[in-house]
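A.B. asks: Input structure: start_11.csv, which contains CSV, C-alpha atoms.
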chain,number,residue,atom,x,y,z
V,7,MET,CA,5.8,51.3,-26.9
V,8,PHE,CA,6.1,47.8,-28.4
V,9,CYS,CA,8.4,45.2,-27.0
V,10,ARG,CA,9.5,41.9,-28.6
V,11,CYS,CA,10.9,39.5,-26.0
V,12,SER,CA,11.7,35.9,-26.4
V,13,THR,CA,10.4,35.0,-22.9
V,14,LEU,CA,7.2,33.0,-23.0
V,15,ARG,CA,4.5,34.8,-21.0
V,16,MET,CA,0.7,34.9,-20.8
V,17,ILE,CA,-1.6,37.8,-20.0
V,18,TYR,CA,-5.3,37.1,-19.5
V,19,ILE,CA,-7.8,39.9,-19.6
V,20,LEU,CA,-10.9,38.9,-17.8
V,21,MET,CA,-13.7,40.7,-19.6
V,22,GLY,CA,-17.5,41.0,-19.4
V,23,VAL,CA,-20.2,43.2,-18.0
V,24,SER,CA,-20.1,44.4,-14.4
V,25,GLY,CA,-21.0,41.7,-12.0
V,26,SER,CA,-20.0,38.8,-14.4
V,27,GLY,CA,-17.3,37.7,-11.9
V,28,LYS,CA,-14.1,39.3,-13.3
V,29,SER,CA,-12.7,40.3,-9.9
V,30,SER,CA,-13.7,37.1,-8.2
V,31,LEU,CA,-12.2,34.9,-10.8
V,32,GLY,CA,-9.1,37.2,-11.1
V,33,ALA,CA,-8.4,36.9,-7.4
V,34,PHE,CA,-8.8,33.2,-7.5
V,35,LEU,CA,-6.5,32.8,-10.5
V,36,SER,CA,-4.0,35.2,-9.0
V,37,GLU,CA,-3.8,33.2,-5.8
V,38,LYS,CA,-3.6,29.8,-7.6
V,39,LEU,CA,-1.1,30.9,-10.3
V,40,GLY,CA,0.9,33.4,-8.3
V,41,TRP,CA,0.4,36.0,-11.0
V,42,PRO,CA,-0.2,39.7,-10.3
V,43,LEU,CA,-3.8,40.9,-10.8
V,44,HIS,CA,-4.4,44.3,-12.2
V,45,GLU,CA,-8.0,45.5,-11.5
V,46,GLY,CA,-9.0,47.7,-14.4
V,47,ASP,CA,-11.4,49.6,-12.2
V,48,ASP,CA,-8.4,51.0,-10.2
V,49,TYR,CA,-7.3,52.9,-13.3
V,50,HIS,CA,-10.4,54.9,-14.0
V,51,THR,CA,-10.2,58.6,-13.7
V,52,GLN,CA,-11.9,60.3,-10.7
V,53,GLU,CA,-14.3,61.9,-13.1
V,54,ASN,CA,-15.3,58.5,-14.5
V,55,ILE,CA,-15.8,57.1,-11.0
V,56,GLN,CA,-18.0,60.1,-10.0
V,57,LYS,CA,-20.0,59.7,-13.2
V,58,MET,CA,-20.7,56.0,-12.6
V,59,SER,CA,-21.4,56.7,-8.9
V,60,ARG,CA,-24.2,59.1,-10.0
V,61,GLY,CA,-25.6,56.2,-12.1
V,62,ASP,CA,-24.5,57.6,-15.5
V,63,ALA,CA,-23.0,55.3,-18.1
V,64,LEU,CA,-19.6,56.2,-19.5
V,65,SER,CA,-19.3,57.3,-23.1
V,66,ASP,CA,-16.7,56.0,-25.5
V,67,GLN,CA,-14.8,59.2,-25.0
V,68,ASP,CA,-14.8,58.7,-21.2
V,69,ARG,CA,-13.3,55.3,-21.6
V,70,ILE,CA,-10.4,56.1,-24.1
V,71,PRO,CA,-7.9,57.5,-21.5
V,72,TRP,CA,-8.7,54.6,-19.2
V,73,LEU,CA,-8.1,52.1,-21.9
V,74,LEU,CA,-4.9,53.7,-22.9
V,75,LYS,CA,-3.6,53.5,-19.3
V,76,LEU,CA,-4.5,49.8,-19.3
V,77,HIS,CA,-2.7,49.4,-22.7
V,78,GLN,CA,0.5,50.9,-21.1
V,79,LEU,CA,0.2,48.5,-18.2
V,80,LEU,CA,-0.1,45.6,-20.6
V,81,GLN,CA,2.9,46.8,-22.5
V,82,ARG,CA,5.0,47.1,-19.3
V,83,GLU,CA,4.0,43.5,-18.3
V,84,LEU,CA,4.9,42.2,-21.8
V,85,CYS,CA,8.2,44.0,-21.9
V,86,ALA,CA,9.0,42.6,-18.4
V,87,GLY,CA,8.3,39.1,-19.6
V,88,SER,CA,5.7,38.7,-16.9
V,89,ASN,CA,2.6,36.6,-16.6
V,90,ALA,CA,-0.3,38.7,-15.4
V,91,LEU,CA,-4.1,38.9,-15.1
V,92,MET,CA,-6.2,42.0,-15.7
V,93,THR,CA,-9.9,42.8,-15.3
V,94,CYS,CA,-11.5,45.1,-17.8
V,95,SER,CA,-15.1,45.1,-19.1
V,96,ALA,CA,-13.7,45.5,-22.7
V,97,LEU,CA,-17.3,45.6,-23.9
V,98,LYS,CA,-16.6,46.6,-27.5
V,99,HIS,CA,-14.4,45.3,-30.2
V,100,HIS,CA,-12.9,48.8,-30.5
V,101,TYR,CA,-12.1,48.9,-26.8
V,102,ARG,CA,-10.2,45.6,-27.1
V,103,ARG,CA,-8.2,47.0,-30.0
V,104,VAL,CA,-7.2,50.0,-27.9
V,105,LEU,CA,-6.1,47.6,-25.1
V,106,LEU,CA,-4.0,45.7,-27.5
V,107,HIS,CA,-2.7,48.4,-29.8
V,108,GLY,CA,-3.0,51.7,-27.8
V,109,SER,CA,-3.4,54.9,-29.7
V,110,ARG,CA,-2.6,53.2,-33.1
V,111,ALA,CA,-6.2,51.7,-32.8
V,112,LEU,CA,-7.6,55.2,-32.5
V,113,SER,CA,-6.3,56.5,-35.9
V,114,ALA,CA,-6.2,53.3,-38.0
V,115,ASP,CA,-8.7,51.8,-40.3
V,116,PRO,CA,-10.8,49.4,-38.1
V,117,HIS,CA,-10.4,46.7,-40.7
V,118,HIS,CA,-6.6,47.0,-40.8
V,119,GLU,CA,-5.0,43.6,-40.5
V,120,LEU,CA,-2.7,44.7,-37.6
V,121,LEU,CA,-5.7,45.6,-35.5
V,122,LEU,CA,-7.6,42.3,-36.1
V,123,SER,CA,-4.8,40.1,-34.9
V,124,ALA,CA,-4.2,40.0,-31.1
V,125,SER,CA,-0.8,39.8,-29.4
V,126,PRO,CA,0.2,36.1,-29.2
V,127,ASP,CA,0.7,36.6,-25.4
V,128,VAL,CA,-2.7,38.3,-24.6
V,129,TYR,CA,-6.0,36.4,-24.4
V,130,PHE,CA,-9.4,37.7,-23.5
V,131,LEU,CA,-11.4,35.5,-21.1
V,132,PHE,CA,-15.0,36.5,-21.8
V,133,LEU,CA,-17.3,35.9,-18.8
V,134,SER,CA,-21.0,35.9,-19.3
V,135,GLY,CA,-24.0,34.6,-17.4
V,136,ASP,CA,-27.7,34.9,-16.8
V,137,THR,CA,-28.7,38.5,-16.6
V,138,SER,CA,-30.9,38.0,-13.5
V,139,LEU,CA,-28.0,36.3,-11.6
V,140,ILE,CA,-25.6,39.1,-12.6
V,141,GLN,CA,-28.2,41.7,-11.5
V,142,GLN,CA,-28.5,39.9,-8.2
V,143,ARG,CA,-24.7,39.9,-7.6
V,144,MET,CA,-24.6,43.6,-8.4
V,145,MET,CA,-27.3,44.4,-5.9
V,146,GLU,CA,-25.6,42.4,-3.2
V,147,ARG,CA,-22.2,43.9,-3.4
V,148,LYS,CA,-21.2,46.7,-1.1
V,149,GLY,CA,-19.2,49.8,-1.7
V,150,HIS,CA,-18.9,49.5,-5.5
V,151,TYR,CA,-19.6,52.6,-7.6
V,152,MET,CA,-21.2,50.6,-10.5
V,153,LYS,CA,-24.9,50.6,-9.7
V,154,ALA,CA,-27.1,47.5,-10.5
V,155,HIS,CA,-29.4,49.5,-12.8
V,156,MET,CA,-26.5,50.3,-15.1
V,157,LEU,CA,-26.2,46.6,-16.1
V,158,THR,CA,-28.7,47.3,-18.9
V,159,SER,CA,-26.5,49.8,-20.6
V,160,GLN,CA,-23.5,47.5,-20.4
V,161,ILE,CA,-25.5,44.6,-21.9
V,162,LYS,CA,-26.7,46.9,-24.7
V,163,ALA,CA,-23.1,48.1,-25.4
V,164,LEU,CA,-21.6,44.5,-25.3
V,165,GLU,CA,-20.0,43.2,-28.5
V,166,PRO,CA,-19.0,39.6,-27.6
V,167,PRO,CA,-15.5,38.7,-28.9
V,168,GLN,CA,-15.5,37.4,-32.5
V,169,SER,CA,-13.5,34.7,-34.2
V,170,ASP,CA,-10.8,37.3,-35.2
V,171,GLU,CA,-10.0,37.9,-31.5
V,172,ASP,CA,-8.0,35.5,-29.3
V,173,ASN,CA,-10.6,34.7,-26.6
V,174,VAL,CA,-12.0,32.0,-24.4
V,175,SER,CA,-15.7,32.3,-23.4
V,176,ALA,CA,-17.0,31.1,-20.1
V,177,ALA,CA,-20.7,31.2,-19.2
V,178,GLY,CA,-21.4,31.4,-15.5
V,179,ARG,CA,-23.9,29.1,-13.8
V,180,GLN,CA,-26.0,29.8,-10.8
V,181,GLN,CA,-24.8,27.8,-7.8
V,182,GLU,CA,-27.4,25.9,-5.9
V,183,HIS,CA,-27.5,26.7,-2.3
V,184,GLN,CA,-28.5,24.0,0.1
Output the structure of this file as structure tokens.
C.D. replies:
Amino acid sequence: MFCRCSTLRMIYILMGVSGSGKSSLGAFLSEKLGWPLHEGDDYHTQENIQKMSRGDALSDQDRIPWLLKLHQLLQRELCAGSNALMTCSALKHHYRRVLLHGSRALSADPHHELLLSASPDVYFLFLSGDTSLIQQRMMERKGHYMKAHMLTSQIKALEPPQSDEDNVSAAGRQQEHQ
């Protein structure tokens, strides 16, 4: 599904490793802007959630159906002319292409011009920070299936956005507590 509408809209995908602040920033922006927030984690299959709950990292194959669901959601928002926020780790360049272009990204040449250019309405907000701070955040959160020891596999898989992707990078800073 591809929709061309004349309505000006913006969709921001908050991306980064688990614990980088995607959900917190998304909730803050959603409240301030009045835009809907779509939590990418809510769209994982039950099998993926069980796998991560056991402490096993997801494979590329595990992620593809999830990314395709998120692509469909992005397309619905674009066709509706809505502004929206989405959280998604989007760790690899290939994952971001699937988010933007759906199944076309699975069968096309990875260097194809279509797949290097992002939608003019969709921007990735890349959240990063100090690994020890992110690890601490993950250990402190309650009830999340993503275990703190899995951060290493996410950092290893991470391919930060490149100049051919529409993105804004934001490095987190540790807050001083008094």
A.B. asks: What's the separation between CA of Lys28 in chain V and CA of Ala111 in chain V, in Å to one decimal place?
C.D. replies: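 Calculated distance between CA of Lys28 in chain V and CA of Ala111 in chain V is 24.4 Å.
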A.B. asks: The residues within 8 Å of (-9.6, 53.2, -17.4), using all atoms listed in the file and the coordinates of the file, should be reported as a PDB file with C-alpha atoms, in the coordinates of the input; which are they?
C.D. replies:
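See result.pdb below for the written result:
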ATOM      1  CA  GLY V  46      -9.000  47.700 -14.400  1.00  0.00           C
ATOM      2  CA  ASP V  47     -11.400  49.600 -12.200  1.00  0.00           C
ATOM      3  CA  ASP V  48      -8.400  51.000 -10.200  1.00  0.00           C
ATOM      4  CA  TYR V  49      -7.300  52.900 -13.300  1.00  0.00           C
ATOM      5  CA  HIS V  50     -10.400  54.900 -14.000  1.00  0.00           C
ATOM      6  CA  THR V  51     -10.200  58.600 -13.700  1.00  0.00           C
ATOM      7  CA  ARG V  69     -13.300  55.300 -21.600  1.00  0.00           C
ATOM      8  CA  ILE V  70     -10.400  56.100 -24.100  1.00  0.00           C
ATOM      9  CA  PRO V  71      -7.900  57.500 -21.500  1.00  0.00           C
ATOM     10  CA  TRP V  72      -8.700  54.600 -19.200  1.00  0.00           C
ATOM     11  CA  LEU V  73      -8.100  52.100 -21.900  1.00  0.00           C
ATOM     12  CA  LEU V  74      -4.900  53.700 -22.900  1.00  0.00           C
ATOM     13  CA  LYS V  75      -3.600  53.500 -19.300  1.00  0.00           C
ATOM     14  CA  LEU V  76      -4.500  49.800 -19.300  1.00  0.00           C
TER      15      LEU V  76
END
A.B. asks: With all atoms listed in the file counted, which protein, DNA or RNA residues have an atom no more than 12 Å from (-18.5, 43.2, -15.4) in the file frame? Please answer as a PyMOL selection string.
C.D. replies: chain V and resi 19-32+45-47+93-97+131-135+137+140-141+143-144+150+152-154+156-161+164
A.B. asks: Which is closest to Arg102 in chain V among V:Arg60, V:Leu35, V:Tyr129, V:Leu79, if we use only C-alpha atoms?
C.D. replies: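 Nearest candidate to Arg102 in chain V out of V:Arg60, V:Leu35, V:Tyr129, V:Leu79: V:Tyr129.
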A.B. asks: Hey, which of V:Ile17, V:Leu106, V:Gln142, V:Phe130 ends up closest to Ala86 in chain V? Count all atoms listed in the file.
C.D. replies: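 Of V:Ile17, V:Leu106, V:Gln142, V:Phe130, the one nearest Ala86 in chain V, counting all atoms listed in the file, is V:Ile17.
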A.B. asks: To one decimal in Å, tell me the separation between CA of His100 in chain V and CA of Gln67 in chain V.
C.D. replies: 11.9 Å
A.B. asks: Could you tell me how far CA of Val128 in chain V sits from CA of Arg15 in chain V, in Å to one decimal place?
C.D. replies: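 Computing it gives 8.8 Å between the two atoms.
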A.B. asks: Give the answer as one residue: which of V:Val104, V:Ser109, V:Cys85, V:Met16 has the shortest atom-to-atom distance to Asp127 in chain V, using all atoms listed in the file?
C.D. replies: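 Ranking V:Val104, V:Ser109, V:Cys85, V:Met16 by distance to Asp127 in chain V, first place goes to V:Met16.
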A.B. asks: Which residue, V:Ser169, V:Gln81, V:Ser138, V:Asn54, has the smallest gap to Asp68 in chain V when you use all atoms listed in the file?
C.D. replies: V:Asn54
A.B. asks: With only C-alpha atoms as the basis for distance, which of V:Leu139, V:Ser113, V:Arg103, V:Phe34 is at the shortest distance from Glu171 in chain V?
C.D. replies: V:Arg103
A.B. asks: Find the spatial neighbours of Trp41 in chain V, counting only C-alpha atoms, within a cut-off of 7 Å - ignore same-chain residues fewer than 4 positions away - and output them as a ChimeraX atom specification.
C.D. replies: /V:36,89-91
A.B. asks: For the residues in that selection, give me C-alpha atoms as a PDB file, in the frame of the given file.
C.D. replies:
ATOM      1  CA  SER V  36      -4.000  35.200  -9.000  1.00  0.00           C
ATOM      2  CA  ASN V  89       2.600  36.600 -16.600  1.00  0.00           C
ATOM      3  CA  ALA V  90      -0.300  38.700 -15.400  1.00  0.00           C
ATOM      4  CA  LEU V  91      -4.100  38.900 -15.100  1.00  0.00           C
TER       5      LEU V  91
END
